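Text of entry_34.txt, listed as compact mmCIF, C-alpha atoms:
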# COMPACT_ATOMS: atom_id res chain seq x y z
CA MET J 6 -3.94 35.72 -11.76
CA PRO J 7 -1.34 37.64 -9.70
CA LEU J 8 -0.49 36.69 -6.14
CA TYR J 9 -0.52 39.60 -3.67
CA ASN J 10 1.31 39.98 -0.35
CA PHE J 11 -1.06 42.27 1.54
CA THR J 12 -1.41 44.14 4.82
CA ALA J 13 -4.89 45.04 6.06
CA LYS J 14 -6.52 46.53 9.14
CA ALA J 15 -9.53 44.89 10.82
CA LEU J 16 -12.38 46.78 12.51
CA ASN J 17 -10.92 45.86 15.90
CA LYS J 18 -7.68 47.60 14.78
CA GLU J 19 -5.89 44.25 14.49
CA THR J 20 -3.26 44.17 11.72
CA ARG J 21 -3.65 41.29 9.30
CA LYS J 22 -1.01 40.09 6.83
CA GLY J 23 -1.28 37.36 4.22
CA ARG J 24 -1.04 36.15 0.63
CA ARG J 25 -3.96 35.91 -1.78
CA GLN J 26 -4.66 35.64 -5.50
CA ALA J 27 -6.87 38.34 -7.05
CA GLU J 28 -7.52 39.78 -10.51
CA ASN J 29 -6.22 43.17 -9.40
CA ARG J 30 -5.69 45.39 -6.37
CA LYS J 31 -9.26 46.69 -6.46
CA VAL J 32 -10.77 43.18 -6.35
CA LEU J 33 -8.45 42.29 -3.47
CA ALA J 34 -9.62 45.37 -1.53
CA GLN J 35 -13.27 44.44 -2.12
CA GLU J 36 -12.75 40.85 -0.90
CA LEU J 37 -11.02 42.06 2.27
CA LYS J 38 -13.75 44.67 2.86
CA GLN J 39 -16.37 41.88 2.82
CA GLU J 40 -14.36 40.20 5.60
CA GLY J 41 -14.35 43.38 7.67
CA CYS J 42 -10.83 44.48 6.78
CA PHE J 43 -9.43 47.53 4.96
CA LEU J 44 -6.50 47.13 2.61
CA ILE J 45 -3.42 49.17 3.59
CA SER J 46 -0.79 47.87 1.17
CA ALA J 47 -0.45 45.13 -1.46
CA THR J 48 2.50 44.05 -3.58
CA ILE J 49 2.55 41.46 -6.33
CA GLU J 50 4.77 38.52 -5.40
CA SER J 51 7.62 37.97 -7.84
CA ARG J 52 7.15 35.00 -10.17
CA ALA J 53 10.85 34.80 -10.98
CA PRO J 54 12.05 31.18 -10.92
CA LYS J 55 13.96 30.17 -7.85
CA PHE J 56 16.06 27.11 -7.23
CA LYS J 57 14.07 26.15 -4.17
CA ASN J 58 10.89 26.03 -6.28
CA TYR J 59 12.30 22.98 -8.07
CA LEU J 60 12.80 21.09 -4.82
CA PRO J 61 10.08 18.61 -3.85
CA LYS J 62 7.66 19.93 -1.24
CA ILE J 63 7.62 18.04 2.03
CA ARG J 64 3.97 17.28 2.75
CA TYR J 65 4.45 15.59 6.09
CA VAL J 66 3.76 16.72 9.64
CA ALA J 67 5.28 14.80 12.54
CA LEU J 68 2.91 13.26 15.08
CA LYS J 69 4.63 15.16 17.89
CA GLU J 70 3.99 18.49 16.13
CA LYS J 71 0.30 17.63 15.65
CA LEU J 72 0.11 16.67 19.32
CA LEU J 73 1.55 20.00 20.48
CA ALA J 74 -0.72 21.94 18.10
CA THR J 75 -3.80 20.10 19.40
CA ARG J 76 -2.80 20.72 23.03
CA ASN J 77 -2.33 24.45 22.38
CA LEU J 78 -5.55 24.59 20.36
CA GLN J 79 -7.50 23.02 23.22
CA VAL J 80 -6.06 25.45 25.79
CA MET J 81 -6.80 28.54 23.68
CA VAL J 82 -10.33 27.42 22.71
CA ALA J 83 -11.08 26.70 26.39
CA ALA J 84 -9.81 30.20 27.25
CA GLY J 85 -12.25 31.74 24.78
CA VAL J 86 -9.78 32.73 22.05
CA SER J 87 -11.43 32.85 18.59
CA LEU J 88 -10.50 30.10 16.12
CA PRO J 89 -8.98 32.48 13.51
CA ARG J 90 -6.78 34.06 16.20
CA THR J 91 -5.88 30.62 17.57
CA LEU J 92 -4.85 29.29 14.15
CA GLU J 93 -2.81 32.42 13.51
CA ILE J 94 -0.89 31.87 16.77
CA LEU J 95 -0.37 28.18 15.96
CA SER J 96 0.95 29.00 12.47
CA LYS J 97 3.59 31.23 14.06
CA GLN J 98 4.62 28.54 16.56
CA THR J 99 4.96 25.56 14.21
CA LYS J 100 8.30 24.79 12.56
CA SER J 101 6.94 22.88 9.57
CA LYS J 102 6.51 25.14 6.51
CA TYR J 103 3.80 22.86 5.12
CA PHE J 104 1.88 22.80 8.43
CA LYS J 105 2.26 26.57 8.73
CA ASP J 106 0.75 27.14 5.27
CA CYS J 107 -2.11 24.73 6.00
CA LEU J 108 -3.00 26.49 9.27
CA LYS J 109 -3.00 29.86 7.48
CA GLU J 110 -5.26 28.48 4.76
CA MET J 111 -7.62 27.04 7.38
CA ARG J 112 -7.76 30.45 9.04
CA GLU J 113 -8.72 32.08 5.74
CA MET J 114 -11.45 29.46 5.18
CA ILE J 115 -12.94 30.02 8.65
CA LEU J 116 -12.94 33.81 8.11
CA LYS J 117 -14.97 33.19 4.93
CA GLY J 118 -17.59 31.22 6.90
CA THR J 119 -16.36 27.63 6.64
CA SER J 120 -16.71 25.56 9.82
CA PHE J 121 -13.62 24.26 11.59
CA SER J 122 -14.52 20.62 10.90
CA GLU J 123 -15.00 21.32 7.17
CA ALA J 124 -11.66 23.15 7.02
CA ILE J 125 -9.96 20.15 8.64
CA THR J 126 -11.32 17.75 6.00
CA LYS J 127 -9.39 19.68 3.32
CA PHE J 128 -6.13 18.38 4.81
CA PRO J 129 -6.55 14.58 5.28
CA LYS J 130 -2.78 14.00 5.24
CA ILE J 131 -2.45 16.05 8.43
CA PHE J 132 -5.78 15.46 10.16
CA PRO J 133 -7.13 11.89 9.90
CA GLU J 134 -10.84 11.11 9.78
CA ILE J 135 -10.98 10.57 13.54
CA TYR J 136 -9.90 14.21 14.02
CA ALA J 137 -12.51 15.70 11.67
CA SER J 138 -15.35 13.51 13.01
CA MET J 139 -14.69 14.38 16.65
CA VAL J 140 -14.32 18.10 15.92
CA LYS J 141 -17.65 17.99 14.07
CA VAL J 142 -19.30 16.43 17.14
CA GLY J 143 -17.65 19.06 19.36
CA GLU J 144 -19.04 21.86 17.20
CA LYS J 145 -22.57 20.40 17.31
CA THR J 146 -22.56 19.88 21.09
CA GLY J 147 -20.73 23.12 21.91
CA GLU J 148 -17.95 21.20 23.69
CA LEU J 149 -15.12 21.70 21.23
CA ASP J 150 -12.55 22.25 24.00
CA LYS J 151 -13.53 18.94 25.65
CA VAL J 152 -13.29 17.06 22.35
CA LEU J 153 -9.90 18.63 21.57
CA GLY J 154 -8.72 17.49 25.01
CA ILE J 155 -9.76 13.90 24.20
CA LEU J 156 -8.00 14.15 20.82
CA ALA J 157 -4.82 15.47 22.42
CA GLN J 158 -4.86 12.60 24.91
CA GLN J 159 -5.36 10.08 22.09
CA LEU J 160 -2.50 11.56 20.03
CA GLU J 161 -0.23 11.53 23.06
CA ARG J 162 -0.92 7.86 23.69
CA ASN J 163 -0.40 7.05 20.01
CA TYR J 164 2.92 8.90 20.16
CA ARG J 165 4.05 6.93 23.23
CA LEU J 166 3.01 3.64 21.63
CA ARG J 167 4.81 4.42 18.36
CA SER J 168 7.93 5.62 20.20
CA SER J 169 8.21 2.42 22.22
CA VAL J 170 7.97 0.28 19.05
CA ARG J 171 10.48 2.42 17.13
CA GLY J 172 12.85 2.41 20.11
CA ALA J 173 12.85 -1.39 20.15
CA MET J 174 13.60 -1.56 16.40
CA MET J 175 16.33 1.11 16.42
CA TYR J 176 19.07 -0.98 18.07
CA PRO J 177 18.90 -4.00 15.73
CA ALA J 178 18.57 -1.69 12.69
CA VAL J 179 21.77 0.19 13.61
CA ILE J 180 23.71 -3.02 14.32
CA LEU J 181 22.63 -4.70 11.07
CA SER J 182 23.38 -1.58 9.01
CA ALA J 183 26.87 -1.30 10.55
CA MET J 184 27.53 -5.00 9.96
CA ILE J 185 26.51 -4.78 6.29
CA LEU J 186 28.64 -1.66 5.77
CA ILE J 187 31.70 -3.26 7.39
CA GLY J 188 31.16 -6.42 5.33
CA ILE J 189 31.06 -4.43 2.06
CA VAL J 190 34.24 -2.50 2.98
CA MET J 191 36.07 -5.74 3.80
CA MET J 192 34.93 -7.39 0.57
CA ILE J 193 36.10 -4.40 -1.51
CA LYS J 194 39.31 -3.39 0.32
CA VAL J 195 40.62 -6.29 2.46
CA VAL J 196 39.73 -9.48 0.57
CA PRO J 197 41.39 -8.43 -2.76
CA GLN J 198 44.72 -7.90 -0.92
CA ILE J 199 44.56 -11.36 0.65
CA SER J 200 43.50 -12.81 -2.73
CA LYS J 201 46.68 -11.42 -4.38
CA THR J 202 48.81 -13.17 -1.76
CA PHE J 203 47.11 -16.49 -2.45
CA ASP J 204 47.63 -16.01 -6.21
CA GLU J 205 51.36 -15.41 -5.70
CA LEU J 206 51.68 -18.55 -3.59
CA GLU J 207 49.77 -20.58 -6.21
CA ILE J 208 47.91 -22.76 -3.71
CA GLU J 209 44.67 -24.64 -4.11
CA LEU J 210 41.91 -22.80 -2.25
CA PRO J 211 38.86 -24.35 -0.54
CA ALA J 212 35.45 -23.85 -2.17
CA ILE J 213 34.27 -21.42 0.52
CA THR J 214 37.36 -19.22 0.02
CA LYS J 215 36.87 -19.22 -3.77
CA ALA J 216 33.24 -18.18 -3.28
CA VAL J 217 34.16 -15.26 -0.98
CA ILE J 218 36.90 -14.10 -3.38
CA ALA J 219 34.52 -14.34 -6.37
CA ILE J 220 31.95 -12.16 -4.57
CA SER J 221 34.72 -9.73 -3.60
CA ASN J 222 35.92 -9.45 -7.22
CA VAL J 223 32.42 -8.67 -8.44
CA LEU J 224 31.96 -5.96 -5.77
CA ALA J 225 35.40 -4.46 -6.36
CA GLU J 226 35.37 -4.50 -10.17
CA LYS J 227 31.66 -4.07 -10.85
CA TRP J 228 30.62 -1.92 -7.88
CA TYR J 229 27.94 -0.28 -9.98
CA LEU J 230 26.06 -3.59 -9.99
CA LEU J 231 25.81 -3.32 -6.20
CA ILE J 232 24.36 0.19 -6.46
CA LEU J 233 21.92 -0.88 -9.19
CA GLY J 234 20.96 -3.93 -7.16
CA MET J 235 20.28 -1.81 -4.07
CA ILE J 236 18.18 0.64 -6.11
CA PHE J 237 16.23 -2.24 -7.66
CA LEU J 238 15.71 -3.84 -4.24
CA PHE J 239 14.51 -0.55 -2.77
CA LEU J 240 12.07 0.12 -5.63
CA PHE J 241 10.79 -3.47 -5.62
CA SER J 242 10.26 -3.36 -1.83
CA TYR J 243 8.52 0.02 -2.07
CA PHE J 244 6.07 -0.96 -4.81
CA PHE J 245 5.54 -4.44 -3.35
CA THR J 246 4.58 -3.05 0.07
CA LYS J 247 2.30 -0.47 -1.59
CA SER J 248 0.42 -3.06 -3.65
CA LYS J 249 -2.61 -4.81 -2.14
CA LYS J 250 -1.21 -8.31 -2.69
CA GLY J 251 2.19 -7.36 -1.31
CA LYS J 252 0.75 -5.66 1.80
CA LYS J 253 -1.52 -8.62 2.44
CA ALA J 254 1.36 -11.11 2.05
CA ILE J 255 3.59 -9.13 4.43
CA ASP J 256 0.84 -8.71 7.04
CA ARG J 257 0.00 -12.42 6.88
CA THR J 258 3.68 -13.36 7.29
CA VAL J 259 4.17 -11.01 10.23
CA LEU J 260 1.18 -12.56 12.02
CA ARG J 261 2.80 -15.99 11.68
CA ILE J 262 6.31 -15.18 12.93
CA PRO J 263 6.52 -16.56 16.51
CA ILE J 264 8.44 -13.65 18.07
CA LEU J 265 6.76 -10.78 16.19
CA SER J 266 3.19 -12.10 16.01
CA PRO J 267 2.20 -11.47 19.69
CA LEU J 268 3.67 -7.95 19.53
CA VAL J 269 1.90 -7.08 16.26
CA LYS J 270 -1.41 -8.31 17.66
CA LYS J 271 -0.97 -6.25 20.83
CA ILE J 272 -0.08 -3.12 18.83
CA ASN J 273 -3.10 -3.37 16.51
CA SER J 274 -5.40 -4.18 19.43
CA ALA J 275 -4.04 -1.14 21.29
CA TYR J 276 -4.69 1.13 18.29
CA THR J 277 -8.23 -0.28 18.00
CA ALA J 278 -8.97 0.36 21.69
CA LEU J 279 -7.38 3.83 21.60
CA SER J 280 -9.37 4.96 18.58
CA LEU J 281 -12.69 3.47 19.68
CA SER J 282 -12.41 4.83 23.24
CA ALA J 283 -11.66 8.36 21.98
CA LEU J 284 -14.42 8.31 19.35
CA VAL J 285 -17.13 6.87 21.60
CA LYS J 286 -16.15 9.23 24.41
CA GLY J 287 -16.26 12.13 21.95
CA GLY J 288 -19.85 11.28 20.96
CA VAL J 289 -19.22 9.78 17.51
CA PRO J 290 -21.88 7.18 16.49
CA ILE J 291 -20.64 3.63 17.08
CA ILE J 292 -20.81 2.46 13.43
CA LEU J 293 -18.86 5.48 12.21
CA ALA J 294 -16.43 5.01 15.12
CA ILE J 295 -15.69 1.40 14.10
CA ASN J 296 -15.12 2.42 10.46
CA ILE J 297 -12.76 5.20 11.52
CA ALA J 298 -10.93 2.80 13.88
CA ALA J 299 -10.43 0.50 10.88
CA ASP J 300 -8.34 3.25 9.27
CA SER J 301 -6.19 3.61 12.40
CA VAL J 302 -4.79 0.04 12.24
CA ASN J 303 -1.95 -0.88 9.89
CA ASN J 304 -2.61 -4.59 9.37
CA VAL J 305 -5.03 -5.37 6.51
CA PHE J 306 -6.56 -8.30 8.42
CA TYR J 307 -7.44 -6.07 11.40
CA LYS J 308 -8.80 -3.47 8.99
CA ALA J 309 -11.02 -6.06 7.28
CA ALA J 310 -12.22 -7.41 10.66
CA LEU J 311 -13.30 -3.94 11.84
CA GLN J 312 -14.99 -3.10 8.54
CA SER J 313 -16.93 -6.37 8.70
CA THR J 314 -17.83 -5.64 12.34
CA ALA J 315 -19.23 -2.22 11.38
CA LYS J 316 -21.52 -3.79 8.76
CA LYS J 317 -22.87 -6.40 11.19
CA VAL J 318 -23.34 -3.87 14.01
CA GLU J 319 -25.33 -1.72 11.56
CA LYS J 320 -27.69 -4.70 11.15
CA GLY J 321 -28.29 -4.82 14.92
CA GLU J 322 -25.65 -7.23 16.25
CA LYS J 323 -23.55 -6.40 19.31
CA MET J 324 -19.97 -5.38 18.69
CA SER J 325 -18.55 -7.79 21.29
CA ILE J 326 -20.41 -10.77 19.76
CA VAL J 327 -19.21 -9.92 16.24
CA MET J 328 -15.59 -9.34 17.33
CA ALA J 329 -15.63 -12.67 19.19
CA GLU J 330 -15.43 -14.26 15.71
CA TYR J 331 -11.89 -12.86 15.37
CA THR J 332 -10.19 -14.61 18.29
CA ASP J 333 -7.12 -15.12 16.09
CA LEU J 334 -6.69 -11.32 16.08
CA TYR J 335 -8.24 -10.05 19.33
CA SER J 336 -7.53 -11.71 22.68
CA PRO J 337 -10.32 -13.10 24.94
CA LEU J 338 -9.52 -10.25 27.39
CA PHE J 339 -10.29 -7.66 24.68
CA ILE J 340 -13.64 -9.33 23.89
CA GLN J 341 -14.60 -9.77 27.55
CA MET J 342 -13.88 -6.16 28.52
CA LEU J 343 -15.79 -4.94 25.47
CA GLN J 344 -18.73 -7.15 26.45
CA VAL J 345 -18.70 -5.83 30.04
CA GLY J 346 -18.60 -2.26 28.71
CA GLU J 347 -21.66 -2.87 26.52
CA GLU J 348 -23.59 -4.53 29.37
CA THR J 349 -22.86 -1.71 31.84
CA GLY J 350 -23.16 1.15 29.34
CA GLN J 351 -19.53 2.12 29.92
CA THR J 352 -18.01 1.07 26.60
CA SER J 353 -15.67 4.08 26.28
CA GLU J 354 -14.41 3.69 29.88
CA MET J 355 -13.72 -0.03 29.43
CA LEU J 356 -11.97 0.56 26.11
CA GLU J 357 -9.85 3.27 27.70
CA LYS J 358 -8.78 0.92 30.51
CA LEU J 359 -8.09 -1.79 27.95
CA ALA J 360 -6.02 0.65 25.88
CA SER J 361 -3.94 1.57 28.95
CA PHE J 362 -3.33 -2.11 29.73
CA LEU J 363 -2.35 -2.89 26.13
CA GLU J 364 -0.03 0.14 25.97
CA GLU J 365 1.80 -1.05 29.06
CA ASP J 366 1.92 -4.59 27.69
CA VAL J 367 3.37 -3.38 24.36
CA ASP J 368 5.97 -1.33 26.22
CA ASN J 369 7.04 -4.39 28.25
CA ARG J 370 7.10 -6.63 25.18
CA THR J 371 9.26 -4.20 23.20
CA LYS J 372 11.75 -4.12 26.07
CA ASN J 373 11.77 -7.93 26.21
CA LEU J 374 12.12 -8.04 22.42
CA SER J 375 15.34 -6.06 22.69
CA THR J 376 16.76 -8.59 25.13
CA ILE J 377 15.81 -11.45 22.75
CA ILE J 378 17.20 -9.74 19.62
CA GLU J 379 20.55 -8.87 21.24
CA PRO J 380 21.85 -12.48 21.53
CA LEU J 381 20.51 -13.27 18.05
CA LEU J 382 22.48 -10.34 16.65
CA LEU J 383 25.59 -11.53 18.49
CA LEU J 384 25.15 -14.99 16.94
CA LEU J 385 24.71 -13.42 13.50
CA ILE J 386 27.84 -11.28 13.89
CA GLY J 387 29.74 -14.27 15.25
CA GLY J 388 28.65 -16.34 12.26
CA ALA J 389 29.85 -13.67 9.82
CA VAL J 390 33.22 -13.42 11.58
CA ALA J 391 33.52 -17.22 11.63
CA LEU J 392 32.81 -17.36 7.88
CA PHE J 393 35.65 -14.93 7.13
CA ALA J 394 37.94 -16.74 9.56
CA VAL J 395 37.30 -20.18 8.02
CA SER J 396 37.62 -18.77 4.48
CA PHE J 397 41.08 -17.30 4.99
CA VAL J 398 42.58 -19.03 8.01
CA GLN J 399 42.16 -22.49 6.47
CA PRO J 400 44.38 -21.77 3.41
CA ILE J 401 46.96 -20.07 5.63
CA TYR J 402 46.94 -23.10 7.92
CA SER J 403 47.50 -25.36 4.87
CA ILE J 404 50.51 -23.23 3.86
CA MET J 405 51.97 -23.47 7.35
CA GLN J 406 51.62 -27.23 7.28
CA GLY J 407 53.47 -27.41 3.95
CA ILE J 408 56.49 -25.46 5.27

Is it possible to give me this structure as structure tokens?
Amino acid sequence: MPLYNFTAKALNKETRKGRRQAENRKVLAQELKQEGCFLISATIESRAPKFKNYLPKIRYVALKEKLLATRNLQVMVAAGVSLPRTLEILSKQTKSKYFKDCLKEMREMILKGTSFSEAITKFPKIFPEIYASMVKVGEKTGELDKVLGILAQQLERNYRLRSSVRGAMMYPAVILSAMILIGIVMMIKVVPQISKTFDELEIELPAITKAVIAISNVLAEKWYLLILGMIFLFLFSYFFTKSKKGKKAIDRTVLRIPILSPLVKKINSAYTALSLSALVKGGVPIILAINIAADSVNNVFYKAALQSTAKKVEKGEKMSIVMAEYTDLYSPLFIQMLQVGEETGQTSEMLEKLASFLEEDVDNRTKNLSTIIEPLLLLLIGGAVALFAVSFVQPIYSIMQGI
């Protein structure tokens, strides 16, 4: 079926351009006429192979871009702009080719009679379940602009939380990467030169020096083994983290590491509070809200706790009482504020206050984490330098003694 690039004119004299598959030009004109448009021109898109068609498509939209799109969507819907017109404007503003195509496709679906919430569900990689559920509630209550405002606020807070965590991890990641790179260069370029000098002098080397030289020889002569090893390590890590057993093992380990455990618990608690507060405030039923919140957390143990909570709440139990069973995951403060919210009928307000407190706490902890990691990195670098110094200064010192 050919793909047409078409230009049409709507009844309100608005020019419409797009791409659509049709059996022929006549069928395309009939389809557009049913949508209240008259075909002006249509050309078949060339099917000639292009190099870029062989490149993998990037199906990822940054959180910041989704945040900006939601903010603009909320403003335009509140101003009374129609959804098709709004999505057309957003598709022109976004930089992501994938996001642009998705927005155009959503516009076409809405013009054909599909609801906004149904159109959103077709793109789960861009719009998570929390987005579709809240939009559906907004459509039913007639307060779509209000719901979009809540969503934009939730995305903004998620973005701030993620940025603070990534910012704390960036410094140690850069330092460790630089240290590994420098170490590899020294083992391949510097150590072999020193090794030749020791061979010429025919001296007995300490065990640690022999070990360093042996590693250097392997890296210098069989460098391809290093590349293969790195590829294997990357693939193993990727598939291990994607598997259920691997993810569970990593999440369990992270919850037991003294320095990381409190931070991980705060982050997952913050995501839980953020999602629940937004969903409850948006009018989503509590059981569905808990299940959706389970998808917003990264740790499998938090996910299982929320899924179990949803099942028990469905049977009539209070959420605060059920979540009190998971004191190893959620702090007493979290449980107490949730309980107060249920007793006063202000669950969403209490969760929102709790989310704000946890966000601030995570931000402070990430800053403190940087101050803790810095001396540890200095000790690690110092240890690496000391290892090289002992390995090569000791033989040189023995030579000097023999002169």

- For region 96-110 of chain J, list every protein, DNA or RNA residue within 12 Å, evaluated using all atoms listed in the file, and leave out those in the same chain fewer than 4 positions away; present the list as a PyMOL selection string. chain J and resi 21-25+61-75+77-78+88-92+114-117+119+121+124-132

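Here CA of Phe11 (chain J) is placed at a distance of 7.4 Å from CA of Leu44 (chain J).
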
Between CA of Ile220 (chain J) and CA of Leu233 (chain J) lies a distance of 15.8 Å

Q.
Give me, as a PyMOL selection string, all polymer residues having an atom no more than 12 Å from Met174 (chain J), counting all atoms listed in the file and skipping those fewer than 2 positions away in the same chain.
A. chain J and resi 167-172+176-181+265+371-379

What are the closest atom pairs, with distances in Å to one decimal, for all residues of region 196-279 of chain J lying within 12 Å of region 328-349 of chain J? Consider all atoms listed in the file, order rows by chain and residue number, and present the result as a Markdown table.
| residue | atom | partner | partner_atom | distance |
| --- | --- | --- | --- | --- |
| J:Arg257 | CA | J:Leu334 | CA | 11.4 |
| J:Leu260 | CA | J:Leu334 | CA | 8.9 |
| J:Arg261 | CA | J:Asp333 | CA | 10.9 |
| J:Ser266 | CA | J:Leu334 | CA | 9.9 |
| J:Pro267 | CA | J:Leu334 | CA | 9.6 |
| J:Leu268 | CA | J:Leu334 | CA | 11.4 |
| J:Val269 | CA | J:Leu334 | CA | 9.6 |
| J:Lys270 | CA | J:Leu334 | CA | 6.3 |
| J:Lys271 | CA | J:Tyr335 | CA | 8.3 |
| J:Ile272 | CA | J:Tyr335 | CA | 10.7 |
| J:Asn273 | CA | J:Leu334 | CA | 8.7 |
| J:Ser274 | CA | J:Tyr335 | CA | 6.5 |
| J:Ala275 | CA | J:Phe339 | CA | 9.6 |
| J:Tyr276 | CA | J:Tyr335 | CA | 11.8 |
| J:Thr277 | CA | J:Tyr335 | CA | 9.9 |
| J:Ala278 | CA | J:Phe339 | CA | 8.7 |

Separating CA of Glu364 (chain J) from CA of Asp256 (chain J), to the nearest tenth of an Å, is a gap of 20.9 Å

Item checked: Counting all atoms listed in the file, the residue of J:Pro211, J:Ile189, J:Ser353, J:Pro380 that sits nearest Ile401 (chain J) ->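 Residue with the minimum atom-to-atom distance to Ile401 (chain J): J:Pro211.
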
Please identify all polymer residues lying at most 12 Å from the point (41.9, -25.3, -0.8) (file coordinates), using all atoms listed in the file, and present the result as a short mmCIF file (atom, residue, chain, number, x, y, z; two decimals) with C-alpha atoms, in the coordinates of the input.
data_model
loop_
_atom_site.label_atom_id
_atom_site.label_comp_id
_atom_site.auth_asym_id
_atom_site.auth_seq_id
_atom_site.Cartn_x
_atom_site.Cartn_y
_atom_site.Cartn_z
CA PHE J 203 47.11 -16.49 -2.45
CA GLU J 207 49.77 -20.58 -6.21
CA ILE J 208 47.91 -22.76 -3.71
CA GLU J 209 44.67 -24.64 -4.11
CA LEU J 210 41.91 -22.80 -2.25
CA PRO J 211 38.86 -24.35 -0.54
CA ALA J 212 35.45 -23.85 -2.17
CA ILE J 213 34.27 -21.42 0.52
CA THR J 214 37.36 -19.22 0.02
CA LYS J 215 36.87 -19.22 -3.77
CA ALA J 216 33.24 -18.18 -3.28
CA VAL J 395 37.30 -20.18 8.02
CA SER J 396 37.62 -18.77 4.48
CA PHE J 397 41.08 -17.30 4.99
CA VAL J 398 42.58 -19.03 8.01
CA GLN J 399 42.16 -22.49 6.47
CA PRO J 400 44.38 -21.77 3.41
CA ILE J 401 46.96 -20.07 5.63
CA TYR J 402 46.94 -23.10 7.92
CA SER J 403 47.50 -25.36 4.87
CA ILE J 404 50.51 -23.23 3.86
#

Exercise. When distances are computed from all atoms listed in the file, which of J:Leu279, J:Ile218, J:Ser313, J:Met405 shows the smallest separation from Tyr164 (chain J)?
Worked result: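 For Tyr164 (chain J), the nearest of the candidates is J:Leu279.
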
Calculated over only C-alpha atoms, which of the candidates J:Tyr136, J:Met81, J:Cys42, J:Asn29 has the smallest distance to Gly287 (chain J)?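 With only C-alpha atoms as the atom set, the closest residue is J:Tyr136.
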
Q) Around (-8.0, 19.7, 26.9) in the file's frame, which residues reach within 7 Å when counting all atoms listed in the file? Return as a list in words? A)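 Here is the list of nearby residues: Arg76, Gln79, Val80, Asp150, Lys151, Leu153, Gly154, Ile155 and Ala157 of chain J.
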
Grab the residues selected above and save them as a short mmCIF file (atom, residue, chain, number, x, y, z; two decimals), keeping the file's coordinate frame with C-alpha atoms.
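For reference, result08.cif as written:
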data_model
loop_
_atom_site.label_atom_id
_atom_site.label_comp_id
_atom_site.auth_asym_id
_atom_site.auth_seq_id
_atom_site.Cartn_x
_atom_site.Cartn_y
_atom_site.Cartn_z
CA ARG J 76 -2.80 20.72 23.03
CA GLN J 79 -7.50 23.02 23.22
CA VAL J 80 -6.06 25.45 25.79
CA ASP J 150 -12.55 22.25 24.00
CA LYS J 151 -13.53 18.94 25.65
CA LEU J 153 -9.90 18.63 21.57
CA GLY J 154 -8.72 17.49 25.01
CA ILE J 155 -9.76 13.90 24.20
CA ALA J 157 -4.82 15.47 22.42
#

Out of J:Ser87, J:Thr48, J:Ser182, J:Thr20, which residue has the shortest atom-to-atom distance to Pro7 (chain J) when counting all atoms listed in the file?
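When distances to Pro7 (chain J) are compared using all atoms listed in the file, the smallest one comes from J:Thr48.
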
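Distance check against Ile49 (chain J) using only C-alpha atoms: of J:Asn304, J:Gln351, J:Gln312, J:Asn10, the minimum falls on J:Asn10.
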